[in-house]
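Dropping coords_19.pdb in here (PDB, C-alpha atoms):
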ATOM      1  CA  MET A   1     -26.758  15.931   9.888
ATOM      2  CA  PRO A   2     -23.555  13.888   9.905
ATOM      3  CA  ASP A   3     -23.741  10.377   8.535
ATOM      4  CA  LYS A   4     -20.166   9.307   8.932
ATOM      5  CA  LEU A   5     -18.822   5.935   8.015
ATOM      6  CA  VAL A   6     -16.913   4.503  10.953
ATOM      7  CA  ILE A   7     -14.345   1.761  10.381
ATOM      8  CA  ALA A   8     -12.056   0.764  13.247
ATOM      9  CA  ASP A   9     -10.853   4.039  14.753
ATOM     10  CA  ARG A  10     -11.462   6.212  11.704
ATOM     11  CA  GLU A  11     -14.380   8.211  10.410
ATOM     12  CA  PHE A  12     -15.089   8.961   6.793
ATOM     13  CA  ASN A  13     -17.455  11.327   5.033
ATOM     14  CA  SER A  14     -17.255   9.532   1.721
ATOM     15  CA  ARG A  15     -18.756   6.086   1.259
ATOM     16  CA  LEU A  16     -16.990   5.562  -2.043
ATOM     17  CA  PHE A  17     -13.611   3.832  -1.972
ATOM     18  CA  VAL A  18     -11.655   3.923  -5.201
ATOM     19  CA  GLY A  19      -9.009   1.615  -6.631
ATOM     20  CA  THR A  20      -6.000   2.999  -8.451
ATOM     21  CA  GLY A  21      -5.556   0.275 -11.046
ATOM     22  CA  LYS A  22      -6.032   0.434 -14.818
ATOM     23  CA  PHE A  23      -5.906   4.201 -15.278
ATOM     24  CA  SER A  24      -4.207   5.266 -18.469
ATOM     25  CA  SER A  25      -1.961   7.726 -16.629
ATOM     26  CA  ASN A  26      -1.112   8.898 -13.126
ATOM     27  CA  GLU A  27      -2.517  12.334 -13.939
ATOM     28  CA  ILE A  28      -5.873  10.918 -14.977
ATOM     29  CA  MET A  29      -5.873   8.730 -11.880
ATOM     30  CA  ALA A  30      -5.157  11.698  -9.606
ATOM     31  CA  GLU A  31      -7.943  13.748 -11.161
ATOM     32  CA  ALA A  32     -10.455  10.914 -10.909
ATOM     33  CA  LEU A  33      -9.596  10.303  -7.261
ATOM     34  CA  GLU A  34     -10.098  13.964  -6.515
ATOM     35  CA  LYS A  35     -13.395  14.223  -8.354
ATOM     36  CA  SER A  36     -14.700  11.079  -6.670
ATOM     37  CA  GLY A  37     -14.479  12.678  -3.240
ATOM     38  CA  THR A  38     -13.003   9.446  -1.948
ATOM     39  CA  GLU A  39     -10.984   9.237   1.237
ATOM     40  CA  VAL A  40      -9.738   5.670   0.816
ATOM     41  CA  VAL A  41      -7.721   4.419  -2.137
ATOM     42  CA  THR A  42      -6.356   0.951  -2.711
ATOM     43  CA  VAL A  43      -2.929   0.063  -4.052
ATOM     44  CA  ALA A  44      -1.092  -3.195  -4.721
ATOM     45  CA  LEU A  45       2.441  -4.370  -3.944
ATOM     46  CA  ARG A  46       4.788  -5.734  -6.569
ATOM     47  CA  ARG A  47       8.471  -6.336  -7.133
ATOM     48  CA  VAL A  48      10.384  -3.332  -8.354
ATOM     49  CA  ASP A  49      11.508  -3.835 -11.927
ATOM     50  CA  ILE A  50      15.209  -3.253 -11.393
ATOM     51  CA  GLU A  51      16.051  -3.284 -15.074
ATOM     52  CA  ASN A  52      13.782  -0.377 -15.884
ATOM     53  CA  GLU A  53      13.517   3.179 -14.703
ATOM     54  CA  ASN A  54      10.540   3.135 -12.383
ATOM     55  CA  ASP A  55       7.513   5.299 -12.505
ATOM     56  CA  ASP A  56       6.402   5.907  -8.942
ATOM     57  CA  MET A  57       2.637   6.148  -8.800
ATOM     58  CA  LEU A  58       2.676   6.940  -5.118
ATOM     59  CA  ALA A  59       3.899  10.431  -5.865
ATOM     60  CA  ALA A  60       0.591  11.090  -7.647
ATOM     61  CA  ILE A  61      -1.420  10.212  -4.541
ATOM     62  CA  ASP A  62      -1.767  12.885  -1.891
ATOM     63  CA  ARG A  63      -1.266  10.962   1.326
ATOM     64  CA  ASN A  64      -2.787  13.815   3.291
ATOM     65  CA  LYS A  65      -6.093  13.446   1.470
ATOM     66  CA  TYR A  66      -6.403   9.704   1.108
ATOM     67  CA  LEU A  67      -5.915   6.743   3.379
ATOM     68  CA  LEU A  68      -3.775   4.297   1.459
ATOM     69  CA  LEU A  69      -5.272   0.816   1.672
ATOM     70  CA  PRO A  70      -2.806  -1.777   0.360
ATOM     71  CA  ASN A  71      -4.323  -4.929  -1.048
ATOM     72  CA  THR A  72      -2.755  -8.369  -0.951
ATOM     73  CA  SER A  73      -3.573  -9.104  -4.592
ATOM     74  CA  GLY A  74      -1.222 -11.709  -5.963
ATOM     75  CA  ALA A  75      -1.448 -13.763  -2.790
ATOM     76  CA  ARG A  76      -2.384 -17.356  -3.530
ATOM     77  CA  ASP A  77      -2.659 -18.428   0.075
ATOM     78  CA  ALA A  78      -2.758 -17.133   3.632
ATOM     79  CA  ASP A  79       1.024 -17.104   4.066
ATOM     80  CA  GLU A  80       1.543 -14.951   0.993
ATOM     81  CA  ALA A  81      -1.230 -12.595   2.084
ATOM     82  CA  VAL A  82       0.299 -12.201   5.535
ATOM     83  CA  ARG A  83       3.724 -11.574   4.024
ATOM     84  CA  LEU A  84       2.353  -8.883   1.697
ATOM     85  CA  SER A  85       0.454  -7.274   4.570
ATOM     86  CA  LYS A  86       3.600  -7.037   6.662
ATOM     87  CA  LEU A  87       5.538  -5.542   3.766
ATOM     88  CA  ALA A  88       2.811  -2.977   3.200
ATOM     89  CA  ARG A  89       2.781  -2.027   6.858
ATOM     90  CA  ALA A  90       6.560  -1.654   6.842
ATOM     91  CA  ALA A  91       6.243   0.734   3.913
ATOM     92  CA  THR A  92       3.518   2.985   5.205
ATOM     93  CA  GLY A  93       3.376   2.501   8.944
ATOM     94  CA  ILE A  94      -0.348   1.988   8.470
ATOM     95  CA  ASN A  95      -1.819  -1.282   9.614
ATOM     96  CA  TRP A  96      -4.898  -1.243   7.384
ATOM     97  CA  VAL A  97      -5.023  -3.947   4.742
ATOM     98  CA  LYS A  98      -7.464  -5.127   2.103
ATOM     99  CA  LEU A  99      -7.079  -8.862   2.413
ATOM    100  CA  GLU A 100      -7.372 -10.396  -1.019
ATOM    101  CA  VAL A 101      -6.517 -14.039  -1.699
ATOM    102  CA  THR A 102      -7.512 -14.699  -5.273
ATOM    103  CA  PRO A 103      -5.628 -17.653  -6.742
ATOM    104  CA  ASP A 104      -7.987 -18.268  -9.665
ATOM    105  CA  PRO A 105      -6.998 -16.030 -12.581
ATOM    106  CA  TYR A 106     -10.233 -16.494 -14.555
ATOM    107  CA  TYR A 107     -12.790 -15.238 -12.074
ATOM    108  CA  LEU A 108     -10.484 -13.823  -9.392
ATOM    109  CA  LEU A 109     -12.806 -15.248  -6.791
ATOM    110  CA  PRO A 110     -11.435 -15.040  -3.272
ATOM    111  CA  ASP A 111     -10.447 -18.262  -1.537
ATOM    112  CA  PRO A 112     -12.623 -18.364   1.572
ATOM    113  CA  VAL A 113     -10.486 -20.834   3.513
ATOM    114  CA  GLU A 114      -7.203 -18.998   2.985
ATOM    115  CA  THR A 115      -8.897 -15.644   3.573
ATOM    116  CA  LEU A 116     -10.251 -16.757   6.937
ATOM    117  CA  LYS A 117      -6.867 -18.205   7.876
ATOM    118  CA  ALA A 118      -5.008 -15.041   6.904
ATOM    119  CA  ALA A 119      -7.548 -12.793   8.611
ATOM    120  CA  GLU A 120      -7.067 -14.597  11.894
ATOM    121  CA  ILE A 121      -3.290 -14.213  11.737
ATOM    122  CA  LEU A 122      -3.496 -10.580  10.690
ATOM    123  CA  VAL A 123      -5.981  -9.615  13.394
ATOM    124  CA  LYS A 124      -3.672 -11.208  15.973
ATOM    125  CA  ASN A 125      -0.833  -9.132  14.530
ATOM    126  CA  ASP A 126      -2.785  -5.901  15.066
ATOM    127  CA  PHE A 127      -3.863  -5.294  11.514
ATOM    128  CA  VAL A 128      -7.112  -3.570  10.635
ATOM    129  CA  VAL A 129      -8.427  -6.176   8.210
ATOM    130  CA  LEU A 130     -10.855  -5.479   5.380
ATOM    131  CA  PRO A 131     -11.359  -8.882   3.756
ATOM    132  CA  TYR A 132     -12.513  -9.265   0.169
ATOM    133  CA  ILE A 133     -14.897 -12.225   0.005
ATOM    134  CA  ASN A 134     -17.552 -13.824  -2.087
ATOM    135  CA  ALA A 135     -21.028 -12.864  -0.951
ATOM    136  CA  ASP A 136     -21.123 -15.618   1.647
ATOM    137  CA  PRO A 137     -23.170 -14.785   4.748
ATOM    138  CA  ILE A 138     -21.669 -17.596   6.827
ATOM    139  CA  LEU A 139     -18.112 -16.609   5.973
ATOM    140  CA  SER A 140     -18.988 -13.003   6.798
ATOM    141  CA  LYS A 141     -20.061 -14.019  10.253
ATOM    142  CA  LYS A 142     -16.974 -16.119  10.826
ATOM    143  CA  LEU A 143     -14.764 -13.214   9.823
ATOM    144  CA  GLU A 144     -16.697 -10.866  12.049
ATOM    145  CA  ASP A 145     -16.227 -13.248  14.953
ATOM    146  CA  ILE A 146     -12.454 -13.177  14.594
ATOM    147  CA  GLY A 147     -12.366  -9.398  14.604
ATOM    148  CA  VAL A 148     -12.163  -7.993  11.093
ATOM    149  CA  ALA A 149     -13.006  -4.330  10.692
ATOM    150  CA  THR A 150     -15.437  -4.736   7.799
ATOM    151  CA  VAL A 151     -16.468  -7.349   5.311
ATOM    152  CA  MET A 152     -16.108  -6.619   1.610
ATOM    153  CA  PRO A 153     -18.317  -8.975  -0.371
ATOM    154  CA  LEU A 154     -18.335  -8.866  -4.131
ATOM    155  CA  ALA A 155     -21.238  -7.794  -6.307
ATOM    156  CA  SER A 156     -19.824  -9.755  -9.259
ATOM    157  CA  PRO A 157     -16.306 -10.712 -10.420
ATOM    158  CA  ILE A 158     -13.556  -8.088 -10.322
ATOM    159  CA  GLY A 159     -13.580  -5.896 -13.407
ATOM    160  CA  SER A 160     -16.631  -7.619 -14.891
ATOM    161  CA  ASN A 161     -18.927  -4.597 -14.576
ATOM    162  CA  GLN A 162     -21.878  -6.954 -14.143
ATOM    163  CA  GLY A 163     -23.391  -5.148 -11.185
ATOM    164  CA  LEU A 164     -25.182  -6.707  -8.228
ATOM    165  CA  LYS A 165     -25.392 -10.316  -9.385
ATOM    166  CA  ALA A 166     -24.973 -11.329  -5.762
ATOM    167  CA  ARG A 167     -27.792  -9.078  -4.586
ATOM    168  CA  ALA A 168     -29.783 -11.670  -2.648
ATOM    169  CA  ALA A 169     -26.763 -12.862  -0.690
ATOM    170  CA  LEU A 170     -25.597  -9.288  -0.123
ATOM    171  CA  GLU A 171     -28.970  -8.451   1.408
ATOM    172  CA  ILE A 172     -28.541 -11.315   3.874
ATOM    173  CA  ILE A 173     -25.018 -10.228   4.763
ATOM    174  CA  ILE A 174     -26.167  -6.649   5.298
ATOM    175  CA  GLU A 175     -29.079  -7.762   7.422
ATOM    176  CA  GLN A 176     -26.891  -9.901   9.682
ATOM    177  CA  ALA A 177     -23.651  -7.897   9.820
ATOM    178  CA  ASN A 178     -22.395  -6.097  12.899
ATOM    179  CA  VAL A 179     -19.479  -4.576  11.012
ATOM    180  CA  PRO A 180     -19.632  -2.195   8.059
ATOM    181  CA  VAL A 181     -20.293  -3.903   4.733
ATOM    182  CA  VAL A 182     -18.365  -2.552   1.762
ATOM    183  CA  VAL A 183     -19.583  -3.936  -1.547
ATOM    184  CA  ASP A 184     -16.442  -4.414  -3.583
ATOM    185  CA  ALA A 185     -15.986  -5.636  -7.188
ATOM    186  CA  GLY A 186     -18.139  -5.824 -10.231
ATOM    187  CA  LEU A 187     -19.915  -2.483  -9.870
ATOM    188  CA  GLY A 188     -19.951  -1.279 -13.452
ATOM    189  CA  LEU A 189     -22.292   1.687 -13.409
ATOM    190  CA  PRO A 190     -23.231   4.383 -10.932
ATOM    191  CA  SER A 191     -26.702   2.839 -10.791
ATOM    192  CA  HIS A 192     -25.090  -0.365  -9.475
ATOM    193  CA  ALA A 193     -23.397   1.609  -6.743
ATOM    194  CA  ALA A 194     -26.657   3.380  -5.905
ATOM    195  CA  GLU A 195     -28.406   0.017  -5.752
ATOM    196  CA  ALA A 196     -25.787  -1.334  -3.364
ATOM    197  CA  MET A 197     -26.304   1.643  -1.076
ATOM    198  CA  GLU A 198     -30.091   1.368  -1.358
ATOM    199  CA  ILE A 199     -30.030  -2.206  -0.085
ATOM    200  CA  GLY A 200     -28.021  -1.035   2.878
ATOM    201  CA  ALA A 201     -24.329  -1.322   2.075
ATOM    202  CA  ASP A 202     -22.224   1.006   4.209
ATOM    203  CA  ALA A 203     -19.834   1.801   1.360
ATOM    204  CA  VAL A 204     -18.725   0.561  -2.026
ATOM    205  CA  LEU A 205     -15.360   0.103  -3.692
ATOM    206  CA  VAL A 206     -15.050   0.880  -7.398
ATOM    207  CA  ASN A 207     -12.034   0.653  -9.659
ATOM    208  CA  THR A 208     -12.534  -0.628 -13.220
ATOM    209  CA  ALA A 209     -15.754   1.257 -13.920
ATOM    210  CA  ILE A 210     -14.052   4.575 -13.200
ATOM    211  CA  ALA A 211     -10.564   3.846 -14.517
ATOM    212  CA  THR A 212     -11.666   2.415 -17.839
ATOM    213  CA  ALA A 213     -14.475   4.866 -18.580
ATOM    214  CA  ALA A 214     -13.856   7.106 -21.571
ATOM    215  CA  GLU A 215     -13.731  10.030 -19.130
ATOM    216  CA  PRO A 216     -12.652   8.728 -15.737
ATOM    217  CA  ALA A 217     -12.889  12.028 -13.859
ATOM    218  CA  ARG A 218     -16.474  12.530 -15.001
ATOM    219  CA  MET A 219     -17.395   8.966 -14.206
ATOM    220  CA  ALA A 220     -15.879   9.478 -10.766
ATOM    221  CA  VAL A 221     -18.319  12.319 -10.196
ATOM    222  CA  ALA A 222     -21.187  10.131 -11.376
ATOM    223  CA  PHE A 223     -20.236   7.439  -8.883
ATOM    224  CA  LYS A 224     -19.881   9.988  -6.116
ATOM    225  CA  LEU A 225     -23.397  11.260  -6.751
ATOM    226  CA  ALA A 226     -24.793   7.748  -7.066
ATOM    227  CA  VAL A 227     -23.358   6.655  -3.729
ATOM    228  CA  GLU A 228     -24.779   9.755  -2.071
ATOM    229  CA  ALA A 229     -28.159   9.231  -3.717
ATOM    230  CA  GLY A 230     -28.321   5.579  -2.754
ATOM    231  CA  ARG A 231     -27.396   6.349   0.824
ATOM    232  CA  LEU A 232     -29.959   9.122   1.061
ATOM    233  CA  ALA A 233     -32.591   6.799  -0.348
ATOM    234  CA  ARG A 234     -31.731   4.136   2.201
ATOM    235  CA  LYS A 235     -32.109   6.584   5.015
ATOM    236  CA  SER A 236     -35.360   7.954   3.636
ATOM    237  CA  GLY A 237     -37.257   4.710   4.030
ATOM    238  CA  ALA A 238     -38.246   3.750   0.516
ATOM    239  CA  ALA A 239     -41.810   2.545   0.012
ATOM    240  CA  PRO A 240     -42.195  -1.144  -0.835
ATOM    241  CA  ALA A 241     -42.810  -2.535  -4.296
ATOM    242  CA  GLY A 242     -46.157  -4.158  -5.127
ATOM    243  CA  LYS A 243     -47.631  -6.288  -7.861
ATOM    244  CA  ARG A 244     -50.699  -4.241  -8.551
ATOM    245  CA  ALA A 245     -51.068  -0.564  -9.345
ATOM    246  CA  SER A 246     -51.711   1.895  -6.566
ATOM    247  CA  ALA A 247     -53.210   5.090  -7.959
ATOM    248  CA  SER A 248     -51.237   8.270  -7.565
ATOM    249  CA  SER A 249     -54.129  10.536  -8.478
ATOM    250  CA  PRO A 250     -57.555  10.646  -6.695
ATOM    251  CA  LEU A 251     -60.167   8.010  -7.476
ATOM    252  CA  THR A 252     -63.065  10.437  -7.025
ATOM    253  CA  GLY A 253     -64.264  13.566  -8.756
ATOM    254  CA  PHE A 254     -63.783  12.211 -12.246
ATOM    255  CA  LEU A 255     -65.141  14.445 -15.006
ATOM    256  CA  ARG A 256     -67.828  12.108 -16.029
ATOM    257  CA  ASP A 257     -71.205  10.913 -14.844
ATOM    258  CA  GLU A 258     -70.967   7.630 -13.015
ATOM    259  CA  GLN A 259     -72.907   4.727 -14.497
ATOM    260  CA  LYS A 260     -75.970   4.073 -12.360
TER     261      LYS A 260
ATOM    262  CA  MET B   1      32.413 -12.957  -8.462
ATOM    263  CA  GLU B   2      30.149 -11.989  -5.603
ATOM    264  CA  SER B   3      26.427 -12.115  -6.221
ATOM    265  CA  LEU B   4      23.086 -11.417  -4.662
ATOM    266  CA  LYS B   5      19.677 -12.748  -5.611
ATOM    267  CA  ILE B   6      17.469  -9.747  -6.259
ATOM    268  CA  ASN B   7      13.781 -10.232  -6.930
ATOM    269  CA  GLY B   8      14.398 -13.836  -7.852
ATOM    270  CA  VAL B   9      17.249 -13.131 -10.252
ATOM    271  CA  LYS B  10      20.921 -13.731  -9.474
ATOM    272  CA  LYS B  11      22.906 -10.564 -10.030
ATOM    273  CA  GLN B  12      26.690 -10.507 -10.216
ATOM    274  CA  PHE B  13      28.678  -7.600  -8.846
ATOM    275  CA  ALA B  14      32.093  -7.297 -10.471
ATOM    276  CA  ALA B  15      33.170  -4.637  -8.012
ATOM    277  CA  GLY B  16      31.850  -6.578  -5.051
ATOM    278  CA  ILE B  17      28.355  -6.499  -3.589
ATOM    279  CA  PRO B  18      27.110  -3.148  -2.268
ATOM    280  CA  ALA B  19      27.898  -2.612   1.376
ATOM    281  CA  THR B  20      24.361  -1.777   2.472
ATOM    282  CA  ILE B  21      20.825  -1.735   1.100
ATOM    283  CA  ALA B  22      21.090   2.036   0.696
ATOM    284  CA  VAL B  23      24.123   1.609  -1.529
ATOM    285  CA  LEU B  24      22.398  -1.115  -3.544
ATOM    286  CA  LEU B  25      19.391   1.115  -4.187
ATOM    287  CA  GLU B  26      21.664   3.949  -5.227
ATOM    288  CA  GLN B  27      23.429   1.657  -7.689
ATOM    289  CA  LEU B  28      20.116   0.493  -9.099
ATOM    290  CA  ARG B  29      18.874   4.093  -9.228
ATOM    291  CA  ILE B  30      15.848   3.259  -7.100
ATOM    292  CA  GLU B  31      14.511   5.859  -4.720
ATOM    293  CA  ALA B  32      14.722   4.404  -1.233
ATOM    294  CA  ALA B  33      11.578   6.097   0.013
ATOM    295  CA  THR B  34       9.415   4.254  -2.486
ATOM    296  CA  VAL B  35      10.459   0.696  -1.681
ATOM    297  CA  VAL B  36      10.250  -1.901   1.040
ATOM    298  CA  ALA B  37      13.012  -4.458   1.298
ATOM    299  CA  GLU B  38      13.145  -8.021   2.493
ATOM    300  CA  ILE B  39      16.424  -9.879   3.040
ATOM    301  CA  ASP B  40      16.169 -13.654   3.340
ATOM    302  CA  GLY B  41      12.536 -13.239   4.368
ATOM    303  CA  GLN B  42      13.132 -10.503   6.942
ATOM    304  CA  ILE B  43      11.524  -7.129   6.348
ATOM    305  CA  ILE B  44      13.901  -4.192   6.567
ATOM    306  CA  GLU B  45      12.396  -0.829   7.426
ATOM    307  CA  CYS B  46      13.269   2.148   5.242
ATOM    308  CA  GLU B  47      15.060   3.920   8.117
ATOM    309  CA  LYS B  48      17.424   0.992   8.443
ATOM    310  CA  PHE B  49      18.562   0.904   4.812
ATOM    311  CA  ALA B  50      21.796   2.787   5.408
ATOM    312  CA  GLU B  51      22.845   0.611   8.315
ATOM    313  CA  THR B  52      21.784  -2.802   6.996
ATOM    314  CA  LYS B  53      24.816  -4.559   5.614
ATOM    315  CA  LEU B  54      24.542  -6.972   2.727
ATOM    316  CA  HIS B  55      26.296 -10.335   2.512
ATOM    317  CA  GLU B  56      27.213 -12.555  -0.403
ATOM    318  CA  GLY B  57      24.486 -14.873  -1.553
ATOM    319  CA  GLN B  58      21.597 -13.166   0.226
ATOM    320  CA  SER B  59      18.159 -13.174  -1.328
ATOM    321  CA  ILE B  60      16.700  -9.701  -1.523
ATOM    322  CA  GLU B  61      13.184  -8.627  -2.413
ATOM    323  CA  LEU B  62      12.569  -5.031  -3.395
ATOM    324  CA  VAL B  63       8.894  -4.259  -3.401
ATOM    325  CA  ARG B  64       6.889  -1.142  -4.040
ATOM    326  CA  PHE B  65       3.320   0.104  -4.271
ATOM    327  CA  VAL B  66       1.751  -0.013  -7.705
ATOM    328  CA  PRO B  67      -1.729   0.781  -8.956
ATOM    329  CA  GLY B  68      -4.299  -1.778  -7.876
ATOM    330  CA  GLY B  69      -7.953  -2.240  -6.954
TER     331      GLY B  69
END

Whole structure, structure tokens version:
Amino acid sequence: MPDKLVIADREFNSRLFVGTGKFSSNEIMAEALEKSGTEVVTVALRRVDIENENDDMLAAIDRNKYLLLPNTSGARDADEAVRLSKLARAATGINWVKLEVTPDPYYLLPDPVETLKAAEILVKNDFVVLPYINADPILSKKLEDIGVATVMPLASPIGSNQGLKARAALEIIIEQANVPVVVDAGLGLPSHAAEAMEIGADAVLVNTAIATAAEPARMAVAFKLAVEAGRLARKSGAAPAGKRASASSPLTGFLRDEQK
Amino acid sequence: MESLKINGVKKQFAAGIPATIAVLLEQLRIEAATVVAEIDGQIIECEKFAETKLHEGQSIELVRFVPGG
């Protein structure tokens, strides 16, 4: 039974997006991407270092297998994000962009005001916008109203591996969203990814936890399985939690004489 | 001596600035297919590299995809 993820005009089988940063080599990155089963990979844009021979990572990414999703990391405000988006589109011909406006270097939290501003401009310029945001239900709604393709709220700060610290807010976003919700940032373990899917996320984006694992390709498999498990659980209608015990074995026919 | 600003740094060209972006990339040994260029804030598509002439004093940004999350 197909359970495809639909974003804008594309369908995906995999609900795991993977970032390409922090891998120790292009070969390890390529293997991890393959093992993850992902269909969407993120990349960044930076100045070419003209003094040094450049190592082109794009060659290690099979563009037939993966949709390249450029991010606007480095942008400190809406104007910079829009500029980066346009450069990315000129390079690939693809109008999908992960909108990321993260001026604070300590927590890399996204600036909500600049993100909303940039999103509006980008949507008007025919971009498919996937905005990275804090887990802010109001901001999510505002972005939805201006026509973004998804919202991508964080679980916890980028690269922190803390898991679903923002769980309560994420649940609200998921409950109220009319666009796919991709939980992005801070997922440090496959169990975090499974948890995100169990609470109803449509997809997750993972980078650090895979790239910096001792064995990235194996960890990629673990995340792949976790995302599938979490999604399956969500669709299976998990039973609710309770305070008191609820016996799993019968309460009659005990091998003893009842006290009279 | 003629110069261009490339990625924020002024670069002198003793033999004169390259005629086009394509020539500049060749001189810098950068593969054209992997970069996007901006001249004075205007994005130049890859297909136009060979026909886009450069002029003294222009500010050029050469940008490419790198690993990122």

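In this model, the gap between atom CA of Ala201 of chain A and atom CA of Gly93 of chain A comes to 28.8 Å.
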
Could you please determine the separation between atom CA of Val129 of chain A and atom CA of Ile172 of chain A in Å, to one decimal place?
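Atom-to-atom, atom CA of Val129 of chain A to atom CA of Ile172 of chain A, that is 21.2 Å.
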
Pick the closest to chain B from A:Leu130, A:Ala196, A:Asn207, A:Ala8: which is it, counting only C-alpha atoms?
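Using only C-alpha atoms, chain B sits closest to A:Asn207.
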
The PyMOL selection byres ((chain A) within 8 of (chain B)) on the file shown: which residues, as a PyMOL selection string?
chain A and resi 18-22+42-48+50+53-54+56-58+70-71+86-88+90-91+206-208

Using all atoms listed in the file, find the one residue out of A:Ile199, A:Ala60, A:Val182, A:Ala194 that sits nearest to Val227 of chain A.
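Looking only at the distances to Val227 of chain A, the closest residue turns out to be A:Ala194.
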